[in-house]
file run.cif (mmCIF, C-alpha atoms)
data_upload
#
loop_
_atom_site.label_atom_id
_atom_site.label_comp_id
_atom_site.auth_asym_id
_atom_site.auth_seq_id
_atom_site.Cartn_x
_atom_site.Cartn_y
_atom_site.Cartn_z
CA MET O 60 -3.63 40.85 2.46
CA THR O 61 -3.06 40.36 6.17
CA ASP O 62 -4.40 37.27 7.88
CA HIS O 63 -5.93 38.29 11.21
CA THR O 64 -7.01 34.85 12.36
CA ASP O 65 -3.84 34.14 14.35
CA ARG O 66 -3.61 37.55 16.02
CA PRO O 67 -3.74 37.20 19.82
CA THR O 68 -5.70 39.52 22.08
CA SER O 69 -3.91 41.93 24.42
CA ASN O 70 -3.52 39.24 27.08
CA GLY O 71 -1.94 36.84 24.51
CA PHE O 72 -4.99 34.55 24.25
CA ASN O 73 -6.39 33.78 20.81
CA THR O 74 -9.97 32.55 20.96
CA ARG O 75 -10.13 31.44 17.33
CA VAL O 76 -6.94 29.36 17.51
CA PHE O 77 -7.97 27.87 20.84
CA GLY O 78 -11.46 27.11 19.49
CA TRP O 79 -10.05 25.44 16.38
CA TRP O 80 -7.70 23.22 18.40
CA ALA O 81 -10.42 22.37 20.92
CA CYS O 82 -12.84 21.35 18.12
CA ARG O 83 -10.13 19.25 16.51
CA LEU O 84 -9.33 17.51 19.79
CA VAL O 85 -12.99 16.72 20.42
CA TYR O 86 -13.44 15.36 16.89
CA VAL O 87 -10.29 13.18 17.13
CA ALA O 88 -11.31 11.94 20.59
CA ALA O 89 -14.81 11.10 19.32
CA MET O 90 -13.36 9.10 16.40
CA LEU O 91 -10.99 7.22 18.73
CA ILE O 92 -13.71 6.40 21.28
CA LEU O 93 -16.11 5.11 18.62
CA ALA O 94 -13.36 3.11 16.91
CA TYR O 95 -12.21 1.63 20.24
CA TRP O 96 -15.76 0.69 21.13
CA LEU O 97 -16.35 -1.12 17.83
CA SER O 98 -12.82 -2.56 17.53
CA ARG O 99 -13.85 -5.17 20.10
CA THR O 100 -15.54 -6.99 17.20
CA GLY O 101 -11.97 -8.00 16.17
CA ASP O 102 -12.60 -7.20 12.52
CA ALA O 103 -9.48 -8.03 10.44
CA PHE O 104 -8.20 -5.87 7.59
CA PHE O 105 -9.02 -6.99 4.05
CA TYR O 106 -5.43 -6.74 2.85
CA GLN O 107 -3.99 -8.32 5.99
CA GLY O 108 -2.08 -11.51 5.31
CA PHE O 109 -1.66 -10.92 1.56
CA MET T 84 -1.79 -20.46 16.09
CA THR T 85 -0.91 -18.39 13.02
CA PRO T 86 0.61 -15.04 14.01
CA THR T 87 -0.97 -12.03 12.29
CA ILE T 88 -0.82 -8.34 13.05
CA ASP T 89 -3.94 -7.31 14.90
CA LEU T 90 -4.51 -3.61 15.49
CA THR T 91 -7.16 -4.37 18.08
CA THR T 92 -4.60 -5.75 20.51
CA SER T 93 -2.89 -3.56 23.06
CA GLY T 94 0.50 -5.10 22.12
CA PHE T 95 0.65 -3.25 18.80
CA TRP T 96 -0.13 0.09 20.41
CA PHE T 97 2.23 -0.58 23.33
CA ILE T 98 5.12 -1.13 20.90
CA PHE T 99 4.12 1.99 18.95
CA LEU T 100 4.20 4.11 22.16
CA LEU T 101 7.48 2.48 23.18
CA ALA T 102 8.95 3.33 19.74
CA LEU T 103 7.74 6.89 20.08
CA ALA T 104 9.20 7.23 23.59
CA VAL T 105 12.63 5.83 22.76
CA LEU T 106 13.07 7.25 19.23
CA THR T 107 11.89 10.83 19.73
CA PRO T 108 14.76 12.01 22.00
CA ILE T 109 17.53 10.36 19.92
CA THR T 110 19.48 12.88 17.84
CA HIS T 111 22.31 10.57 16.73
CA GLY T 112 21.63 9.01 13.30
CA ALA T 113 23.41 5.66 13.78
CA LEU T 114 22.00 5.15 17.29
CA ARG T 115 18.52 5.92 15.99
CA ARG T 116 18.87 3.30 13.21
CA TRP T 117 19.89 0.60 15.74
CA VAL T 118 17.13 1.49 18.21
CA TRP T 119 14.54 1.57 15.40
CA ALA T 120 15.76 -1.86 14.25
CA GLY T 121 15.46 -3.10 17.84
CA VAL T 122 11.85 -1.89 18.01
CA ASN T 123 10.98 -3.59 14.70
CA LEU T 124 12.55 -6.87 15.86
CA LEU T 125 10.83 -6.59 19.25
CA PHE T 126 7.51 -6.27 17.41
CA ILE T 127 8.18 -9.41 15.36
CA ASN T 128 9.28 -11.25 18.51
CA TRP T 129 5.97 -10.25 20.11
CA LEU T 130 4.08 -11.44 17.01
CA LEU T 131 5.86 -14.80 17.19
CA GLY T 132 4.96 -15.12 20.86
CA GLY T 133 8.62 -14.88 21.92
CA ASP T 134 9.54 -18.14 20.18
CA ALA T 135 13.37 -18.12 20.11
CA SER T 136 13.82 -20.55 17.20
CA SER T 137 11.39 -18.60 14.98
CA MET T 138 13.18 -15.37 15.89
CA MET T 139 16.55 -16.92 15.03
CA ALA T 140 15.17 -17.96 11.63
CA ILE T 141 13.96 -14.38 10.97
CA LEU T 142 17.32 -12.92 12.06
CA SER T 143 19.23 -15.38 9.85
CA ALA T 144 17.06 -14.46 6.86
CA VAL T 145 17.65 -10.74 7.49
CA VAL T 146 21.43 -11.27 7.71
CA ALA T 147 21.33 -13.34 4.48
CA ALA T 148 19.34 -10.60 2.73
CA HIS T 149 21.78 -7.99 4.07
CA LEU T 150 24.81 -9.91 2.73
CA ALA T 151 23.12 -10.47 -0.65
CA LEU T 152 22.38 -6.73 -0.96
CA GLN T 153 26.06 -5.95 -0.15
CA LEU T 154 27.26 -8.43 -2.80
CA LEU T 155 25.10 -6.74 -5.46
CA ARG T 156 27.76 -4.00 -5.52
CA CYS T 157 30.61 -6.45 -6.33
CA ARG T 158 31.19 -6.47 -10.08
CA GLY T 159 32.29 -10.09 -10.38
CA TRP T 160 29.45 -11.52 -8.28
CA ARG T 161 26.45 -9.33 -8.72
CA ALA T 162 24.78 -11.13 -11.66
CA LEU T 163 25.03 -14.49 -9.90
CA VAL T 164 23.88 -13.03 -6.55
CA ALA T 165 20.96 -11.25 -8.26
CA ALA T 166 19.84 -14.48 -9.98
CA LEU T 167 20.19 -16.61 -6.83
CA GLY T 168 18.59 -13.95 -4.62
CA LEU T 169 15.63 -13.57 -6.99
CA ALA T 170 15.18 -17.36 -7.16
CA CYS T 171 15.21 -17.63 -3.32
CA ALA T 172 12.80 -14.71 -2.88
CA LEU T 173 10.46 -16.12 -5.56
CA GLY T 174 10.59 -19.56 -3.93
CA LEU T 175 9.63 -18.10 -0.54
CA PHE T 176 6.91 -16.01 -2.20
CA VAL T 177 5.33 -19.08 -3.85
CA MET T 178 5.53 -20.97 -0.54
CA HIS T 179 3.80 -18.03 1.16
CA LYS T 180 1.04 -17.82 -1.44
CA LEU T 181 0.49 -21.58 -1.77
CA PRO T 182 0.70 -22.96 1.78
CA GLY T 183 -0.81 -26.27 0.61
CA LEU T 184 2.05 -26.80 -1.85
CA SER T 185 4.52 -25.75 0.84
CA GLN T 186 3.12 -28.45 3.17
CA GLN T 187 3.53 -31.07 0.42
CA PHE T 188 7.19 -30.13 0.00
CA GLY T 189 7.72 -30.34 3.75
CA THR T 190 8.46 -26.62 4.16
CA GLY T 191 5.18 -25.76 5.86
CA VAL T 192 7.03 -24.83 9.06
CA VAL T 193 8.20 -21.62 7.32
CA ASN T 194 4.68 -20.43 6.43
CA PRO T 195 3.70 -18.95 9.84
CA LEU T 196 6.93 -16.90 9.76
CA LEU T 197 6.23 -15.64 6.24
CA LEU T 198 2.70 -14.69 7.28
CA ALA T 199 3.94 -12.95 10.43
CA VAL T 200 6.30 -10.64 8.52
CA GLY T 201 3.81 -10.04 5.68
CA PHE T 202 6.18 -11.59 3.14
CA SER T 203 4.27 -10.33 0.07
CA TYR T 204 5.35 -6.81 1.02
CA VAL T 205 8.85 -7.82 2.16
CA PHE T 206 9.30 -9.52 -1.24
CA LEU T 207 8.48 -6.28 -3.11
CA ARG T 208 10.77 -4.19 -0.87
CA LEU T 209 13.59 -6.69 -1.38
CA ILE T 210 13.21 -6.59 -5.19
CA ASP T 211 13.12 -2.78 -5.17
CA ALA T 212 16.26 -2.50 -3.03
CA GLY T 213 18.02 -5.16 -5.11
CA ARG T 214 17.27 -3.40 -8.40
CA VAL T 215 18.34 0.04 -7.14
CA ILE T 216 21.61 -1.28 -5.66
CA TYR T 217 22.29 -3.44 -8.76
CA GLU T 218 21.87 -0.37 -10.99
CA GLY T 219 24.11 1.69 -8.67
CA GLY T 220 21.32 4.11 -7.80
CA ARG T 221 21.89 4.02 -4.03
CA PRO T 222 24.40 2.28 -1.69
CA PRO T 223 23.40 -0.96 0.06
CA PRO T 224 21.97 -0.62 3.60
CA ASP T 225 23.88 -1.35 6.80
CA LEU T 226 22.48 -4.12 9.02
CA PRO T 227 20.00 -2.03 11.07
CA SER T 228 18.81 -0.27 7.91
CA THR T 229 18.18 -3.68 6.29
CA VAL T 230 15.87 -4.51 9.22
CA ASN T 231 14.23 -1.08 9.10
CA TYR T 232 13.62 -1.15 5.35
CA LEU T 233 12.42 -4.75 5.08
CA LEU T 234 10.52 -5.07 8.36
CA PRO T 235 9.09 -1.70 9.47
CA PHE T 236 6.47 -2.72 12.07
CA HIS T 237 3.85 -0.14 11.04
CA MET T 238 4.00 -1.15 7.34
CA LEU T 239 4.23 -4.94 7.83
CA ALA T 240 0.60 -6.03 7.57
CA ALA T 241 -0.54 -4.14 4.47
CA GLY T 242 2.14 -1.73 3.28
CA PRO T 243 2.51 0.92 1.96
CA ILE T 244 5.48 -0.31 -0.10
CA GLN T 245 8.21 2.25 0.46
CA SER T 246 10.70 2.73 -2.38
CA TYR T 247 14.32 2.07 -1.48
CA GLU T 248 15.29 5.50 -2.81
CA GLN T 249 12.80 7.22 -0.46
CA PHE T 250 14.04 5.12 2.46
CA VAL T 251 17.71 6.03 1.82
CA ASP T 252 16.97 9.70 1.10
CA GLN T 253 15.04 10.40 4.30
CA PRO T 254 17.04 12.35 6.92
CA ALA T 255 18.94 10.22 9.44
CA VAL T 256 17.33 12.23 12.23
CA PRO T 257 13.91 13.74 11.51
CA ALA T 258 13.04 17.34 12.31
CA PRO T 259 11.61 17.83 15.84
CA LEU T 260 7.85 17.40 16.03
CA SER T 261 5.75 20.53 16.38
CA PRO T 262 2.31 20.44 18.11
CA ARG T 263 0.81 20.74 14.61
CA ASP T 264 2.73 17.61 13.46
CA VAL T 265 1.64 15.66 16.54
CA MET T 266 -1.98 16.65 16.06
CA GLY T 267 -1.78 15.81 12.32
CA GLY T 268 -0.34 12.35 13.07
CA VAL T 269 -2.85 11.55 15.83
CA GLU T 270 -5.70 12.81 13.65
CA ARG T 271 -4.59 10.55 10.79
CA ILE T 272 -4.44 7.49 13.05
CA ALA T 273 -7.85 8.32 14.53
CA LEU T 274 -9.29 8.80 11.04
CA GLY T 275 -7.92 5.41 9.96
CA LEU T 276 -9.35 3.65 13.01
CA PHE T 277 -12.68 5.39 12.54
CA LYS T 278 -12.85 4.47 8.83
CA LYS T 279 -12.04 0.84 9.57
CA PHE T 280 -13.92 0.10 12.78
CA VAL T 281 -16.91 2.40 12.33
CA VAL T 282 -17.63 3.23 8.66
CA ALA T 283 -16.26 0.12 6.91
CA TYR T 284 -17.63 -2.08 9.71
CA ALA T 285 -21.10 -0.51 9.36
CA ILE T 286 -21.08 -0.97 5.56
CA ARG T 287 -20.08 -4.61 5.94
CA GLU T 288 -22.68 -5.33 8.59
CA VAL T 289 -25.55 -3.53 6.84
CA PHE T 290 -24.96 -4.04 3.11
CA LEU T 291 -22.58 -6.95 2.48
CA THR T 292 -23.85 -10.52 2.35
CA GLY T 293 -20.77 -12.18 0.85
CA PHE T 294 -22.73 -12.12 -2.46
CA HIS T 295 -25.27 -14.57 -1.08
CA ALA T 296 -28.32 -12.28 -1.45
CA PRO T 297 -30.71 -13.27 -4.24
CA GLY T 298 -31.63 -11.35 -7.41
CA SER T 299 -30.30 -8.02 -8.56
CA TYR T 300 -28.93 -7.12 -5.10
CA VAL T 301 -25.58 -8.33 -6.46
CA LEU T 302 -25.36 -5.12 -8.52
CA PHE T 303 -25.82 -2.94 -5.43
CA GLU T 304 -23.53 -5.14 -3.34
CA THR T 305 -20.81 -4.76 -6.00
CA GLN T 306 -20.82 -1.00 -5.43
CA MET T 307 -20.81 -1.40 -1.64
CA ASN T 308 -18.05 -4.01 -1.85
CA TYR T 309 -15.78 -1.52 -3.70
CA LEU T 310 -16.57 1.16 -1.13
CA TRP T 311 -15.88 -1.25 1.74
CA ILE T 312 -12.54 -2.44 0.32
CA TYR T 313 -11.49 1.18 -0.28
CA LEU T 314 -12.40 2.28 3.25
CA ASP T 315 -10.84 -0.78 4.85
CA PHE T 316 -7.58 -0.62 2.91
CA SER T 317 -7.14 3.15 2.97
CA ALA T 318 -7.85 3.04 6.72
CA TYR T 319 -4.79 0.84 7.29
CA SER T 320 -2.71 3.21 5.13
CA ASP T 321 -3.96 6.20 7.17
CA ILE T 322 -2.87 4.48 10.39
CA ALA T 323 0.56 3.62 8.91
CA VAL T 324 1.07 7.18 7.57
CA GLY T 325 0.01 8.66 10.93
CA ILE T 326 2.36 6.38 12.90
CA GLY T 327 5.19 7.11 10.44
CA ARG T 328 4.62 10.86 10.78
CA LEU T 329 4.81 10.70 14.59
CA MET T 330 7.92 8.52 14.57
CA GLY T 331 9.67 10.52 11.84
CA ALA T 332 9.79 7.45 9.54
CA ALA T 333 8.96 8.34 5.93
CA THR T 334 5.77 6.46 4.99
CA PRO T 335 4.37 6.97 1.49
CA GLU T 336 0.75 7.91 0.80
CA ASN T 337 -1.28 5.08 -0.72
CA PHE T 338 -4.60 6.63 -1.82
CA ASP T 339 -5.83 9.82 -3.46
CA ARG T 340 -9.63 9.71 -3.86
CA PRO T 341 -9.65 6.77 -6.34
CA TYR T 342 -13.44 6.99 -6.83
CA LEU T 343 -12.82 10.23 -8.80
CA ALA T 344 -10.57 8.50 -11.37
CA ARG T 345 -11.59 9.11 -14.99
CA ASN T 346 -9.82 6.11 -16.49
CA LEU T 347 -7.75 3.16 -15.33
CA ILE T 348 -4.40 4.94 -15.78
CA ASP T 349 -5.76 7.72 -13.55
CA PHE T 350 -7.15 5.07 -11.17
CA TRP T 351 -3.72 3.49 -10.64
CA ASP T 352 -2.30 6.94 -9.85
CA ARG T 353 -4.86 7.11 -7.01
CA TRP T 354 -5.31 3.52 -5.74
CA HIS T 355 -2.62 1.56 -3.88
CA ILE T 356 -0.20 4.20 -5.17
CA SER T 357 2.88 2.61 -3.59
CA LEU T 358 2.14 -0.67 -5.43
CA SER T 359 1.47 1.00 -8.79
CA GLN T 360 4.71 2.98 -8.44
CA TRP T 361 6.55 -0.23 -7.58
CA ILE T 362 5.10 -1.84 -10.73
CA ARG T 363 6.15 1.21 -12.77
CA ARG T 364 9.73 1.18 -11.42
CA ASN T 365 10.35 -2.56 -11.40
CA LEU T 366 8.21 -4.01 -14.21
CA PHE T 367 6.64 -1.52 -16.61
CA ILE T 368 9.62 0.79 -17.26
CA PRO T 369 12.27 -2.01 -17.45
CA ILE T 370 10.10 -4.00 -19.90
CA GLN T 371 9.32 -0.91 -21.97
CA LEU T 372 12.95 0.26 -22.08
CA SER T 373 14.29 -3.17 -22.92
CA LEU T 374 11.85 -3.63 -25.83
CA ALA T 375 12.29 -0.03 -27.04
CA ARG T 376 16.06 -0.60 -27.29
CA LYS T 377 15.53 -3.81 -29.25
CA THR T 378 13.07 -2.21 -31.68
CA ARG T 379 14.99 1.11 -31.78
CA GLY T 380 12.00 3.13 -30.59
CA LYS T 381 9.52 1.74 -33.13
CA ARG T 382 6.11 0.23 -32.29
CA ALA T 383 5.72 2.23 -29.06
CA MET T 384 2.02 1.36 -28.69
CA LEU T 385 2.63 -2.36 -29.10
CA ILE T 386 5.43 -2.22 -26.53
CA ALA T 387 3.24 -0.31 -24.05
CA THR T 388 0.46 -2.89 -24.57
CA PHE T 389 2.88 -5.74 -23.85
CA ALA T 390 4.33 -3.94 -20.80
CA PHE T 391 0.86 -3.21 -19.33
CA THR T 392 -0.26 -6.81 -19.90
CA VAL T 393 2.78 -8.48 -18.32
CA SER T 394 2.90 -5.97 -15.42
CA PHE T 395 -0.74 -6.34 -14.43
CA LEU T 396 -0.97 -10.10 -14.91
CA LEU T 397 1.95 -10.33 -12.47
CA CYS T 398 0.23 -7.77 -10.23
CA GLY T 399 -2.83 -10.04 -10.13
CA LEU T 400 -0.67 -13.05 -9.26
CA TRP T 401 1.10 -11.07 -6.54
CA HIS T 402 -2.27 -10.60 -4.85
CA GLY T 403 -2.94 -14.32 -5.03
CA ILE T 404 -1.88 -17.29 -7.15
CA SER T 405 -5.42 -18.17 -8.21
CA TRP T 406 -7.73 -17.81 -11.24
CA PRO T 407 -9.86 -14.97 -9.75
CA PHE T 408 -6.76 -12.85 -9.10
CA PHE T 409 -5.37 -13.71 -12.54
CA ALA T 410 -8.70 -12.61 -14.07
CA TRP T 411 -8.61 -9.41 -11.96
CA GLY T 412 -5.10 -8.65 -13.25
CA ALA T 413 -6.19 -9.40 -16.83
CA MET T 414 -9.18 -7.05 -16.48
CA HIS T 415 -6.93 -4.24 -15.31
CA ALA T 416 -4.35 -4.95 -18.04
CA LEU T 417 -7.14 -4.82 -20.65
CA GLY T 418 -8.56 -1.61 -19.17
CA LEU T 419 -5.14 0.05 -19.17
CA VAL T 420 -4.41 -1.00 -22.75
CA VAL T 421 -7.81 0.29 -23.94
CA THR T 422 -7.30 3.59 -22.06
CA ASN T 423 -3.80 4.05 -23.51
CA THR T 424 -4.96 3.26 -27.06
CA TYR T 425 -8.04 5.52 -26.78
CA ARG T 426 -5.86 8.36 -25.45
CA GLU T 427 -3.47 7.96 -28.41
CA LEU T 428 -6.29 7.88 -30.99
CA LEU T 429 -7.99 10.88 -29.39
CA THR T 430 -4.73 12.88 -29.45
CA ARG T 431 -4.22 12.04 -33.14
CA ARG T 432 -7.74 13.13 -33.99
CA LEU T 433 -8.18 16.23 -31.78
CA GLY T 434 -4.58 17.29 -31.12
CA ARG T 435 -3.23 18.02 -27.63
CA LYS T 436 -5.22 21.25 -27.21
CA GLY T 437 -8.39 19.57 -28.44
CA VAL T 438 -7.98 16.70 -25.97
CA LYS T 439 -7.43 19.18 -23.13
CA ALA T 440 -10.63 21.05 -24.03
CA TYR T 441 -12.54 17.76 -24.41
CA LYS T 442 -11.45 16.63 -20.92
CA GLN T 443 -12.78 19.83 -19.38
CA LYS T 444 -16.36 19.02 -20.38
CA TRP T 445 -18.63 18.03 -17.44
CA GLY T 446 -20.34 15.34 -19.48
CA TYR T 447 -17.00 13.69 -20.22
CA LYS T 448 -15.82 13.94 -16.59
CA LEU T 449 -18.96 12.40 -15.06
CA THR T 450 -19.30 9.67 -17.69
CA ALA T 451 -15.62 8.74 -17.43
CA GLN T 452 -15.80 8.65 -13.62
CA PHE T 453 -18.94 6.49 -13.69
CA ILE T 454 -17.49 3.99 -16.20
CA THR T 455 -14.17 3.74 -14.30
CA PHE T 456 -15.97 3.28 -10.97
CA GLN T 457 -18.11 0.48 -12.40
CA TYR T 458 -15.17 -1.23 -14.12
CA VAL T 459 -13.15 -1.28 -10.89
CA ALA T 460 -16.18 -2.37 -8.82
CA PHE T 461 -16.84 -5.32 -11.15
CA SER T 462 -13.15 -6.27 -11.21
CA LEU T 463 -13.31 -6.44 -7.39
CA LEU T 464 -16.45 -8.57 -7.67
CA VAL T 465 -14.31 -11.14 -9.53
CA ILE T 466 -12.00 -11.54 -6.50
CA SER T 467 -14.71 -11.23 -3.86
CA TYR T 468 -17.37 -13.56 -5.29
CA PRO T 469 -17.59 -16.98 -3.58
CA TRP T 470 -16.75 -18.97 -6.74
CA LYS T 471 -15.87 -22.12 -4.77
CA GLU T 472 -19.42 -22.33 -3.40
CA LEU T 473 -20.80 -21.92 -6.92
CA TRP T 474 -18.69 -24.75 -8.29
CA ALA T 475 -19.06 -27.03 -5.24
#
call {"tool": "encode", "arguments": {"input": "run.cif", "output": "structure tokens"}}
result
Amino acid sequence: MTDHTDRPTSNGFNTRVFGWWACRLVYVAAMLILAYWLSRTGDAFFYQGF
Amino acid sequence: MTPTIDLTTSGFWFIFLLALAVLTPITHGALRRWVWAGVNLLFINWLLGGDASSMMAILSAVVAAHLALQLLRCRGWRALVAALGLACALGLFVMHKLPGLSQQFGTGVVNPLLLAVGFSYVFLRLIDAGRVIYEGGRPPPDLPSTVNYLLPFHMLAAGPIQSYEQFVDQPAVPAPLSPRDVMGGVERIALGLFKKFVVAYAIREVFLTGFHAPGSYVLFETQMNYLWIYLDFSAYSDIAVGIGRLMGAATPENFDRPYLARNLIDFWDRWHISLSQWIRRNLFIPIQLSLARKTRGKRAMLIATFAFTVSFLLCGLWHGISWPFFAWGAMHALGLVVTNTYRELLTRRLGRKGVKAYKQKWGYKLTAQFITFQYVAFSLLVISYPWKELWA
């Protein structure tokens, strides 16, 4: 079976691939921003210093 | 001030970005090893606040460890070096775990250094390398590789514990990073930070009381405590794996959905995997093989029972030289022995095909997962409960 998801359009632009990467970037950025915001609590790791 | 690795400081992330910037373009294996060693030492120097005498002590210890690992190859010396090296490492380990005792013996000045380098993990890496070199499994490391194996900055605080074989076998120069690799590494770091500073933090703030809440809340808090420890610890491993992936430094996986484990043997294949594999390589298998040779292969179950018990009592004491950790180790040893015995009896009764069919049943799966989850959660209660307040 052929996988069509990575096939680019005639101008070389693939909307699905671009959309997937854009969603991933937004989700990673959201995780980093939230983590940075709450990291100011200075919470230590449980296993740290074992 | 006691130096500890804090991921909330910009220094850690600055050194990570510096490592990434200087290591990525290097395509010469030896140069890469030296630069990587320089980055690791720079990180420790930053941790120690640039204190020259502390740094000299760390460097001297690394050189001593390097020479000891070289001597493990010399036929006439290796038994003596192994015994002396093990005694020194054990001495430092006890000093690290019992700082009060260390103060009494006048060696308390070493404790901040041991804490800074995360000596519990260095100790395990040193034993692993020593055993492999002693058995002739791999050659000893050169000086920069000694630094890179014992003191990798992204695995210092809480592992994972890389095996010496994996460290030696990784390519001298990693394959160039593709955009997919970069995204995968960044995503893993972000996931780790999110798990630690958002999810685990929220669970701790909302549900955990340090077991001070009255009544039956302790039962609920036991479940939340397990979840919190898992999220917190696996978060650090995610960050370490992500950093390792971006820098091309092999970093072993440490967790594989442990809450799905169906028994304690399965649990230890999913929880703190690098530690359980270390125990297997350096305690369980050597004990089992040694006893099997002495008994000529007889009494396999008794030998396995003994090997599980010794391995996990020592595992408990590695976490902390205290009664709660000893009890935690004993609980896991008991659970592993019961699982192993039950598995043997079940195989005798149902046969291998029968056991396979039995394990496919939904009722078995869910019950086994529930019991294992509860057993682990209550074993963690033993080390998390404020016993000192109870006895005070």
call {"tool": "resolve_selection", "arguments": {"input": "run.cif", "expression": "the PyMOL selection byres ((chain T) within 6 of (chain O))", "output": "list in words"}}
result
Thr91, Ala240, Ala241, Glu270, Ala273, Leu276, Phe277, Phe280 and Val281 of chain T
call {"tool": "write_last_selection", "arguments": {"input": "run.cif", "atoms": "C-alpha atoms", "output": "CSV table (one decimal), in the coordinates of the input"}}
result
chain,number,residue,atom,x,y,z
T,91,THR,CA,-7.2,-4.4,18.1
T,240,ALA,CA,0.6,-6.0,7.6
T,241,ALA,CA,-0.5,-4.1,4.5
T,270,GLU,CA,-5.7,12.8,13.6
T,273,ALA,CA,-7.8,8.3,14.5
T,276,LEU,CA,-9.4,3.6,13.0
T,277,PHE,CA,-12.7,5.4,12.5
T,280,PHE,CA,-13.9,0.1,12.8
T,281,VAL,CA,-16.9,2.4,12.3
call {"tool": "residues_around", "arguments": {"input": "run.cif", "residues": "T:Ser137", "least_positions_apart": "6", "cutoff": "10 Å", "atoms": "all atoms listed in the file", "output": "PyMOL selection string"}}
result
chain T and resi 127-128+131+143+192-193+195-196
call {"tool": "residues_around", "arguments": {"input": "run.cif", "residues": "stretch 316-319 of chain T", "least_positions_apart": "3", "cutoff": "6 Å", "atoms": "all atoms listed in the file", "output": "PyMOL selection string"}}
result
chain T and resi 275+278-279+312-313+322
call {"tool": "resolve_selection", "arguments": {"input": "run.cif", "expression": "the PyMOL selection byres ((chain T and resi 215-218) around 8)", "output": "list in words"}}
result
Leu152, Leu155, Arg156, Arg161, Ala165, Asp211, Ala212, Gly213, Arg214, Gly219, Gly220, Arg221, Pro222, Pro223, Tyr247 and Glu248 of chain T
call {"tool": "write_last_selection", "arguments": {"input": "run.cif", "atoms": "C-alpha atoms", "output": "PDB file, in the coordinates of the input"}}
result
ATOM      1  CA  LEU T 152      22.380  -6.730  -0.960  1.00  0.00           C
ATOM      2  CA  LEU T 155      25.100  -6.740  -5.460  1.00  0.00           C
ATOM      3  CA  ARG T 156      27.760  -4.000  -5.520  1.00  0.00           C
ATOM      4  CA  ARG T 161      26.450  -9.330  -8.720  1.00  0.00           C
ATOM      5  CA  ALA T 165      20.960 -11.250  -8.260  1.00  0.00           C
ATOM      6  CA  ASP T 211      13.120  -2.780  -5.170  1.00  0.00           C
ATOM      7  CA  ALA T 212      16.260  -2.500  -3.030  1.00  0.00           C
ATOM      8  CA  GLY T 213      18.020  -5.160  -5.110  1.00  0.00           C
ATOM      9  CA  ARG T 214      17.270  -3.400  -8.400  1.00  0.00           C
ATOM     10  CA  GLY T 219      24.110   1.690  -8.670  1.00  0.00           C
ATOM     11  CA  GLY T 220      21.320   4.110  -7.800  1.00  0.00           C
ATOM     12  CA  ARG T 221      21.890   4.020  -4.030  1.00  0.00           C
ATOM     13  CA  PRO T 222      24.400   2.280  -1.690  1.00  0.00           C
ATOM     14  CA  PRO T 223      23.400  -0.960   0.060  1.00  0.00           C
ATOM     15  CA  TYR T 247      14.320   2.070  -1.480  1.00  0.00           C
ATOM     16  CA  GLU T 248      15.290   5.500  -2.810  1.00  0.00           C
TER      17      GLU T 248
END
call {"tool": "atom_distance", "arguments": {"input": "run.cif", "atom1": "atom CA of T:Phe338", "atom2": "atom CA of T:Ile210"}}
result
22.4 Å
call {"tool": "atom_distance", "arguments": {"input": "run.cif", "atom1": "atom CA of T:Trp411", "atom2": "atom CA of T:Met384"}}
result
22.6 Å
call {"tool": "axis_aligned_box", "arguments": {"input": "run.cif", "around": "stretch 318-324 of chain T", "padding_each_side": "6 Å", "output": "JSON"}}
result
{"center_x": -3.4, "center_y": 4.0, "center_z": 7.8, "size_x": 20.9, "size_y": 18.3, "size_z": 17.3}
call {"tool": "build_atoms", "arguments": {"input": "run.cif", "residues": "stretch 172-179 of chain T", "atoms": "N, CA and C atoms", "output": "CSV table (one decimal), in the frame of the given file"}}
result
chain,number,residue,atom,x,y,z
T,172,ALA,N,13.9,-15.6,-3.3
T,172,ALA,CA,12.8,-14.7,-2.9
T,172,ALA,C,11.5,-15.2,-3.6
T,173,LEU,N,11.6,-15.6,-4.8
T,173,LEU,CA,10.5,-16.1,-5.6
T,173,LEU,C,10.0,-17.4,-4.9
T,174,GLY,N,10.9,-18.3,-4.6
T,174,GLY,CA,10.6,-19.6,-3.9
T,174,GLY,C,9.8,-19.3,-2.6
T,175,LEU,N,10.3,-18.4,-1.8
T,175,LEU,CA,9.6,-18.1,-0.5
T,175,LEU,C,8.3,-17.5,-0.8
T,176,PHE,N,8.2,-16.7,-1.9
T,176,PHE,CA,6.9,-16.0,-2.2
T,176,PHE,C,5.9,-17.1,-2.6
T,177,VAL,N,6.3,-18.0,-3.4
T,177,VAL,CA,5.3,-19.1,-3.8
T,177,VAL,C,4.9,-19.9,-2.6
T,178,MET,N,5.9,-20.2,-1.8
T,178,MET,CA,5.5,-21.0,-0.5
T,178,MET,C,4.5,-20.2,0.3
T,179,HIS,N,4.7,-18.9,0.4
T,179,HIS,CA,3.8,-18.0,1.2
T,179,HIS,C,2.4,-18.0,0.6
